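The structure appears right after this line, and notes come after that.
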Amino acid sequence: MARPQMADRPAAGRVLARPSTSLAPRILILGGGFAGVTTALELAKRCAGTLPVHLTLLSEQNFFLFTPMLAEAATGAVESRHVLYPIRPLCGAWGIEFGEMSVEAIDLDRRRVIARHRRSPIRQQVHYDKLVLSLGATPNVAMAPGAAEHALPFKGVGDAIRIRNRVIDLFEAAALTDDPWTRRRLLTFVVVGAGHAGTELMAALEELTRGILLRHYPSIPLDSVRLVLVGSSILPQTATNLAAYARHQLLARGIELETNRAAGVSAEGLTLQDGRVIPSHCVIWTAGNRVSPVVSSLPLPKARDGRLQVNKFFEVEGARDVYALGDNAAQTDPHTGAPYVATAQVAVRQARALAEQLDAELTGREKRPFSFHVLGEMVPLSRRTAVADLNGIKLVGLPAWFVWKTIYMLKLPTLAARLRVVLDWTVELFFERDVSELTVEEERGG
Ligand SMILES: Cc1cc2nc3c(=O)[nH]c(=O)nc-3n(C[C@H](O)[C@H](O)[C@H](O)COP(=O)(O)OP(=O)(O)OC[C@H]3O[C@@H](n4cnc5c(N)ncnc54)[C@H](O)[C@@H]3O)c2cc1C
């Protein structure tokens, strides 16, 4: 019997596997990150047993990624799987329908979303009564020619695994040559973007390369590793004295700080705006934030950085029953008059507030405008040091590092997740870090 063919056209009006026949309002949340998962769970908890709603969450991957520990995953300080948490058990426990689908387009007039499964031709239309946009952002590789092709982005767990593999692989290559110029080029690691993610990653790379890997490659001279962080200033959004401490730390560890702008990336390395080239096989891109293309293609008012303009109730200007938050939203912080910065801390607070607001809307209660005083920030700098600003209390060095570890461990979503990460950290205290490559495609020899 011939197998039925999967349709490459949207199945009209279908809502994932189960069409909704109830009259419950359909709330569709796009994106399974900090903002989307928290909104879905908080709303489900609020509505449980009291208010019938049909809650659907669509995300291109079936896991939630804890980005604050991505640099640790990229450098092997924690196992990469331990910074991921499956979404299905979280949704299943609260009756949220989940679809692992990539959103392709949003039809605001017909109140529907077109989404497809990424590795199959299955495509569906998902209708909504209320739509929540939380599709996040990615490093803006379009900022410099060649970056999309030759630089490694740093945002997803795949990026973390690729970075770790690339670094270890380059050490293996460097161990096979006696030519100092080739070796130096193989062991030059460049991070573009000196914000939170770039600075944290560069510090972690320094620890991995000079502190750990060099011990395993006795033929490689100690001064062969070159580390370059490219950015006009270190941690530009952080309190000046903490940023100065971070800068001092990086310089003291022999990391070069390059303030010239990145002009292009090629197979040869990074070209700077003044024409100099930093020869490298490992250029990592963390600069800029590019809002999800699905969101940026919407014909709606946006801020200069591409985020959607939303009011204090998360309502998107120019679209009814559409809400945006997290890295998708430019919402004004009433305390500063400037838009909230794009961080997980803000995304989670916004998500809790949006869940409360949607609950109020559905039950006819009064809505509360969102106002959140940013609690501060923490940037780990590896080698048991960090900078932290906790509501004005500023810490540096070991105390900041300890506070960072404790707070972020407690922010992990489940007890099992916390135990796994604590175990990784404990093992690291007593044993060597694993320096094997995680190759998948090329592991079988020809
Ligand atoms: C390396 C790194 C370190 C960071 N460290 C910190 C930190 O220490 N503290 C802090 O507060 N913030 C930190 N941030 C910032 C923080 O991660 C973001 O601000 C936060 O993730 C924003 O949440 P969000 O839900 O808006 O977006 P995200 O968490 O990015 O979630 C977006 C979701 O949408 C999904 N998605 C995207 N496009 C589609 C599509 N077309 N279809 C379906 N699904 C899609 C994605 O897969 C993802 O699940 C860090 C960011 C990075 C990259």
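In the structure tokens, chains take letters A, B, ... by order of appearance, with residues numbered from 1 within each chain and ligands from 1 in the order shown.
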TODO: Please write out the residues within 6 Å of ligand 1 as a ChimeraX atom specification, counting only C-alpha atoms and all ligand atoms.
DONE: /A:31-36,58-61,64,67-68,70,101-104,134-137,155,197,292,326-328,342-345,347
Closest atom pairs, stretch 286-405 of chain A residues within 7 Å of stretch 188-196 of chain A, only C-alpha atoms, as a tab-separated table:
```
residue	atom	partner	partner_atom	distance
A:Thr286	CA	A:Gly193	CA	5.1
A:Ala287	CA	A:Gly193	CA	4.2
A:Val379	CA	A:His196	CA	6.6
```
Can I get the selection written as a CSV table (one decimal), in the first residue's frame, with C-alpha atoms?
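Written out: result37.csv:
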```csv
chain,number,residue,atom,x,y,z
A,286,THR,CA,28.3,37.8,20.4
A,287,ALA,CA,27.9,41.4,19.2
A,379,VAL,CA,29.0,38.6,35.4
```
Task: Residue contacts of stretch 400-405 of chain A (8 Å, only C-alpha atoms) excluding same-chain residues fewer than 6 positions away, as a PyMOL selection string - done: chain A and resi 378-381+384-388
Open item on the list: Write out as a PyMOL selection string the set of residues from stretch 262-367 of chain A that DSSP, computed on the backbone, places in strand (DSSP E or B).
Closed with: chain A and resi 262-266+269-272+277-279+282-285+289-291+302+308-310+315-316+322-324+329-330+332+339
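Compared by their closest atoms to A:Glu200, and using only C-alpha atoms, the residues A:Ala303, A:Leu65, A:Leu235, A:Ala355 rank with A:Leu235 nearest.
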Task: Counting only C-alpha atoms, the residue of A:Asp159, A:Asp321, A:Asp223, A:Asp434 that sits nearest A:Tyr128 - done: A:Asp321
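Excluding A:Pro180 itself and any same-chain residue fewer than 3 positions from it, the protein and nucleic acid residues within 12 Å of it, counting only C-alpha atoms, are Ala174, Ala175, Leu176, Thr177, Arg183, Arg184, Arg185, Leu186, Leu187, Ser219, Ile220, Pro221, Leu222, Asp223, Ser224 and Val225 of chain A.
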Take the residues from that selection and put them in a file with N, CA and C atoms, as an mmCIF file, in the first residue's frame.
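Contents of out_32.cif, as written:
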```cif
data_model
loop_
_atom_site.group_PDB
_atom_site.id
_atom_site.type_symbol
_atom_site.label_atom_id
_atom_site.label_comp_id
_atom_site.auth_asym_id
_atom_site.auth_seq_id
_atom_site.Cartn_x
_atom_site.Cartn_y
_atom_site.Cartn_z
ATOM 1 N N ALA A 174 47.349 22.138 16.519
ATOM 2 C CA ALA A 174 48.557 22.874 16.899
ATOM 3 C C ALA A 174 49.642 21.937 17.425
ATOM 4 N N ALA A 175 49.202 20.831 18.037
ATOM 5 C CA ALA A 175 50.175 19.878 18.579
ATOM 6 C C ALA A 175 50.910 19.137 17.464
ATOM 7 N N LEU A 176 50.404 19.247 16.230
ATOM 8 C CA LEU A 176 50.994 18.501 15.117
ATOM 9 C C LEU A 176 51.966 19.326 14.283
ATOM 10 N N THR A 177 52.166 20.566 14.658
ATOM 11 C CA THR A 177 53.062 21.403 13.851
ATOM 12 C C THR A 177 54.182 22.004 14.695
ATOM 13 N N ARG A 183 51.143 27.629 14.384
ATOM 14 C CA ARG A 183 50.631 27.279 15.715
ATOM 15 C C ARG A 183 49.922 28.476 16.348
ATOM 16 N N ARG A 184 50.554 29.633 16.223
ATOM 17 C CA ARG A 184 49.983 30.844 16.820
ATOM 18 C C ARG A 184 48.611 31.149 16.211
ATOM 19 N N ARG A 185 48.536 30.983 14.906
ATOM 20 C CA ARG A 185 47.270 31.249 14.224
ATOM 21 C C ARG A 185 46.199 30.231 14.645
ATOM 22 N N LEU A 186 46.613 28.968 14.747
ATOM 23 C CA LEU A 186 45.655 27.937 15.175
ATOM 24 C C LEU A 186 45.142 28.210 16.591
ATOM 25 N N LEU A 187 45.997 28.817 17.400
ATOM 26 C CA LEU A 187 45.615 29.004 18.802
ATOM 27 C C LEU A 187 45.231 30.459 19.114
ATOM 28 N N SER A 219 53.838 19.709 24.075
ATOM 29 C CA SER A 219 54.675 20.176 22.961
ATOM 30 C C SER A 219 54.342 21.630 22.580
ATOM 31 N N ILE A 220 53.234 22.144 23.090
ATOM 32 C CA ILE A 220 52.848 23.511 22.708
ATOM 33 C C ILE A 220 53.428 24.509 23.712
ATOM 34 N N PRO A 221 54.269 25.458 23.234
ATOM 35 C CA PRO A 221 54.821 26.453 24.170
ATOM 36 C C PRO A 221 53.704 27.282 24.821
ATOM 37 N N LEU A 222 53.921 27.655 26.073
ATOM 38 C CA LEU A 222 52.870 28.330 26.849
ATOM 39 C C LEU A 222 52.389 29.628 26.211
ATOM 40 N N ASP A 223 53.329 30.321 25.507
ATOM 41 C CA ASP A 223 52.928 31.623 24.964
ATOM 42 C C ASP A 223 52.268 31.517 23.579
ATOM 43 N N SER A 224 51.889 30.306 23.171
ATOM 44 C CA SER A 224 51.301 30.155 21.833
ATOM 45 C C SER A 224 49.845 30.614 21.773
ATOM 46 N N VAL A 225 49.173 30.627 22.918
ATOM 47 C CA VAL A 225 47.743 30.965 22.908
ATOM 48 C C VAL A 225 47.561 32.479 22.888
#
```
Open item on the list: Need the shell around stretch 411-424 of chain A: protein/DNA/RNA residues with any atom at most 7 Å away, counting only C-alpha atoms. Skip same-chain ones fewer than 4 positions apart. Format as a VMD selection string?
Closed with: chain A and resid 78 82 407 428
Could those residues be written to a file, using C-alpha atoms, as an mmCIF file, in the first residue's frame?
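Contents of the output file part.cif:
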```cif
data_model
loop_
_atom_site.group_PDB
_atom_site.id
_atom_site.type_symbol
_atom_site.label_atom_id
_atom_site.label_comp_id
_atom_site.auth_asym_id
_atom_site.auth_seq_id
_atom_site.Cartn_x
_atom_site.Cartn_y
_atom_site.Cartn_z
ATOM 1 C CA VAL A 78 29.235 22.054 33.173
ATOM 2 C CA HIS A 82 22.728 20.139 32.082
ATOM 3 C CA ILE A 407 21.948 32.562 42.866
ATOM 4 C CA GLU A 428 35.547 19.970 38.798
#
```
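The coordinates place atom CA of A:Leu227 at 17.9 Å from atom CA of A:Gly76.
You can rank A:Leu358, A:Pro86, A:Arg119, A:Asn140 by their closest distance to A:Arg26 using only C-alpha atoms, and at the top of that list sits A:Leu358.
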Task: Contacts of stretch 304-320 of chain A at 7 Å (only C-alpha atoms; same-chain gap of 3+ positions) as a ChimeraX atom specification - done: /A:291,296,300-301,323-325,328-331,369-370
Using the selection just defined, write its residues with all heavy atoms as an mmCIF file, in the first residue's frame.
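part_11.cif, freshly written:
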```cif
data_model
loop_
_atom_site.group_PDB
_atom_site.id
_atom_site.type_symbol
_atom_site.label_atom_id
_atom_site.label_comp_id
_atom_site.auth_asym_id
_atom_site.auth_seq_id
_atom_site.Cartn_x
_atom_site.Cartn_y
_atom_site.Cartn_z
ATOM 1 N N VAL A 291 16.589 40.745 16.558
ATOM 2 C CA VAL A 291 15.291 40.203 16.969
ATOM 3 C C VAL A 291 14.863 39.149 15.950
ATOM 4 O O VAL A 291 15.156 39.261 14.759
ATOM 5 C CB VAL A 291 14.264 41.354 17.052
ATOM 6 C CG1 VAL A 291 12.848 40.835 17.232
ATOM 7 C CG2 VAL A 291 14.618 42.280 18.201
ATOM 8 N N SER A 296 10.546 40.678 13.345
ATOM 9 C CA SER A 296 10.963 41.914 12.657
ATOM 10 C C SER A 296 10.235 42.089 11.323
ATOM 11 O O SER A 296 10.153 43.200 10.809
ATOM 12 C CB SER A 296 12.475 41.988 12.497
ATOM 13 O OG SER A 296 12.937 40.837 11.880
ATOM 14 N N LEU A 300 4.647 46.420 12.060
ATOM 15 C CA LEU A 300 4.244 47.089 13.302
ATOM 16 C C LEU A 300 5.357 48.017 13.764
ATOM 17 O O LEU A 300 6.529 47.805 13.416
ATOM 18 C CB LEU A 300 3.979 46.036 14.381
ATOM 19 C CG LEU A 300 2.809 45.069 14.109
ATOM 20 C CD1 LEU A 300 2.826 43.913 15.092
ATOM 21 C CD2 LEU A 300 1.478 45.817 14.210
ATOM 22 N N PRO A 301 5.016 49.046 14.561
ATOM 23 C CA PRO A 301 6.059 49.986 15.015
ATOM 24 C C PRO A 301 7.130 49.297 15.862
ATOM 25 O O PRO A 301 6.807 48.489 16.724
ATOM 26 C CB PRO A 301 5.284 51.000 15.859
ATOM 27 C CG PRO A 301 3.852 50.772 15.590
ATOM 28 C CD PRO A 301 3.690 49.384 15.072
ATOM 29 N N TYR A 323 0.606 40.515 22.316
ATOM 30 C CA TYR A 323 1.466 40.965 23.406
ATOM 31 C C TYR A 323 2.902 40.543 23.089
ATOM 32 O O TYR A 323 3.120 39.506 22.476
ATOM 33 C CB TYR A 323 1.030 40.324 24.733
ATOM 34 C CG TYR A 323 -0.454 40.477 25.000
ATOM 35 C CD1 TYR A 323 -1.367 39.609 24.409
ATOM 36 C CD2 TYR A 323 -0.940 41.499 25.818
ATOM 37 C CE1 TYR A 323 -2.730 39.752 24.626
ATOM 38 C CE2 TYR A 323 -2.299 41.654 26.033
ATOM 39 C CZ TYR A 323 -3.189 40.773 25.435
ATOM 40 O OH TYR A 323 -4.538 40.921 25.639
ATOM 41 N N ALA A 324 3.862 41.338 23.525
ATOM 42 C CA ALA A 324 5.272 40.951 23.323
ATOM 43 C C ALA A 324 6.040 41.220 24.606
ATOM 44 O O ALA A 324 5.707 42.136 25.375
ATOM 45 C CB ALA A 324 5.879 41.720 22.158
ATOM 46 N N LEU A 325 7.060 40.429 24.822
ATOM 47 C CA LEU A 325 7.880 40.599 26.030
ATOM 48 C C LEU A 325 9.270 39.990 25.800
ATOM 49 O O LEU A 325 9.561 39.497 24.708
ATOM 50 C CB LEU A 325 7.200 39.964 27.247
ATOM 51 C CG LEU A 325 7.138 38.444 27.345
ATOM 52 C CD1 LEU A 325 6.756 38.048 28.771
ATOM 53 C CD2 LEU A 325 6.132 37.865 26.392
ATOM 54 N N ASN A 328 11.888 40.411 22.635
ATOM 55 C CA ASN A 328 11.074 40.896 21.507
ATOM 56 C C ASN A 328 10.481 42.273 21.769
ATOM 57 O O ASN A 328 9.934 42.893 20.857
ATOM 58 C CB ASN A 328 9.904 39.935 21.216
ATOM 59 C CG ASN A 328 10.342 38.688 20.479
ATOM 60 O OD1 ASN A 328 9.559 37.780 20.295
ATOM 61 N ND2 ASN A 328 11.597 38.636 20.045
ATOM 62 N N ALA A 329 10.498 42.740 23.026
ATOM 63 C CA ALA A 329 9.729 43.938 23.361
ATOM 64 C C ALA A 329 10.616 45.106 23.778
ATOM 65 O O ALA A 329 11.548 44.934 24.564
ATOM 66 C CB ALA A 329 8.755 43.609 24.488
ATOM 67 N N ALA A 330 10.288 46.277 23.254
ATOM 68 C CA ALA A 330 10.926 47.514 23.742
ATOM 69 C C ALA A 330 9.881 48.180 24.635
ATOM 70 O O ALA A 330 8.978 48.843 24.155
ATOM 71 C CB ALA A 330 11.305 48.409 22.575
ATOM 72 N N GLN A 331 10.000 47.922 25.920
ATOM 73 C CA GLN A 331 9.030 48.469 26.878
ATOM 74 C C GLN A 331 9.764 49.457 27.783
ATOM 75 O O GLN A 331 10.853 49.145 28.280
ATOM 76 C CB GLN A 331 8.448 47.319 27.712
ATOM 77 C CG GLN A 331 7.333 47.734 28.638
ATOM 78 C CD GLN A 331 6.863 46.556 29.489
ATOM 79 O OE1 GLN A 331 7.669 45.794 30.019
ATOM 80 N NE2 GLN A 331 5.562 46.411 29.639
ATOM 81 N N PRO A 369 -0.335 48.072 35.571
ATOM 82 C CA PRO A 369 0.789 48.368 34.670
ATOM 83 C C PRO A 369 2.082 47.736 35.187
ATOM 84 O O PRO A 369 2.293 47.654 36.396
ATOM 85 C CB PRO A 369 0.881 49.898 34.693
ATOM 86 C CG PRO A 369 0.167 50.321 35.926
ATOM 87 C CD PRO A 369 -0.836 49.265 36.258
ATOM 88 N N PHE A 370 2.928 47.317 34.258
ATOM 89 C CA PHE A 370 4.181 46.663 34.656
ATOM 90 C C PHE A 370 5.220 47.686 35.073
ATOM 91 O O PHE A 370 5.447 48.689 34.392
ATOM 92 C CB PHE A 370 4.727 45.839 33.484
ATOM 93 C CG PHE A 370 6.017 45.148 33.801
ATOM 94 C CD1 PHE A 370 6.050 44.096 34.707
ATOM 95 C CD2 PHE A 370 7.206 45.527 33.192
ATOM 96 C CE1 PHE A 370 7.249 43.438 34.999
ATOM 97 C CE2 PHE A 370 8.405 44.882 33.483
ATOM 98 C CZ PHE A 370 8.418 43.832 34.391
#
```
Task: All alpha helix (DSSP H) residues (DSSP, backbone) inside stretch 135-358 of chain A, as number ranges by chain - done: A: 147-150, 157-174, 180-186, 196-206, 214-216, 240-252, 293-296, 344-358
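Candidate residues A:Trp425, A:Ala239, A:Met409, A:Leu201 were compared for distance to A:Gly392, and the nearest is A:Ala239, using only C-alpha atoms.
Take atom CA of A:Ala252 and atom CA of A:Thr75: the distance between them is 20.2 Å.
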Task: Proximity to A:Gly198 - best of A:Ala142, A:Leu214, A:Ala71, A:Leu242, only C-alpha atoms - done: A:Ala71
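Residues in contact with A:Glu97 at up to 7 Å, not including ones fewer than 6 positions away on its chain and judged by only C-alpha atoms, are A:Leu55, A:Thr56, A:Leu57, A:Cys91.
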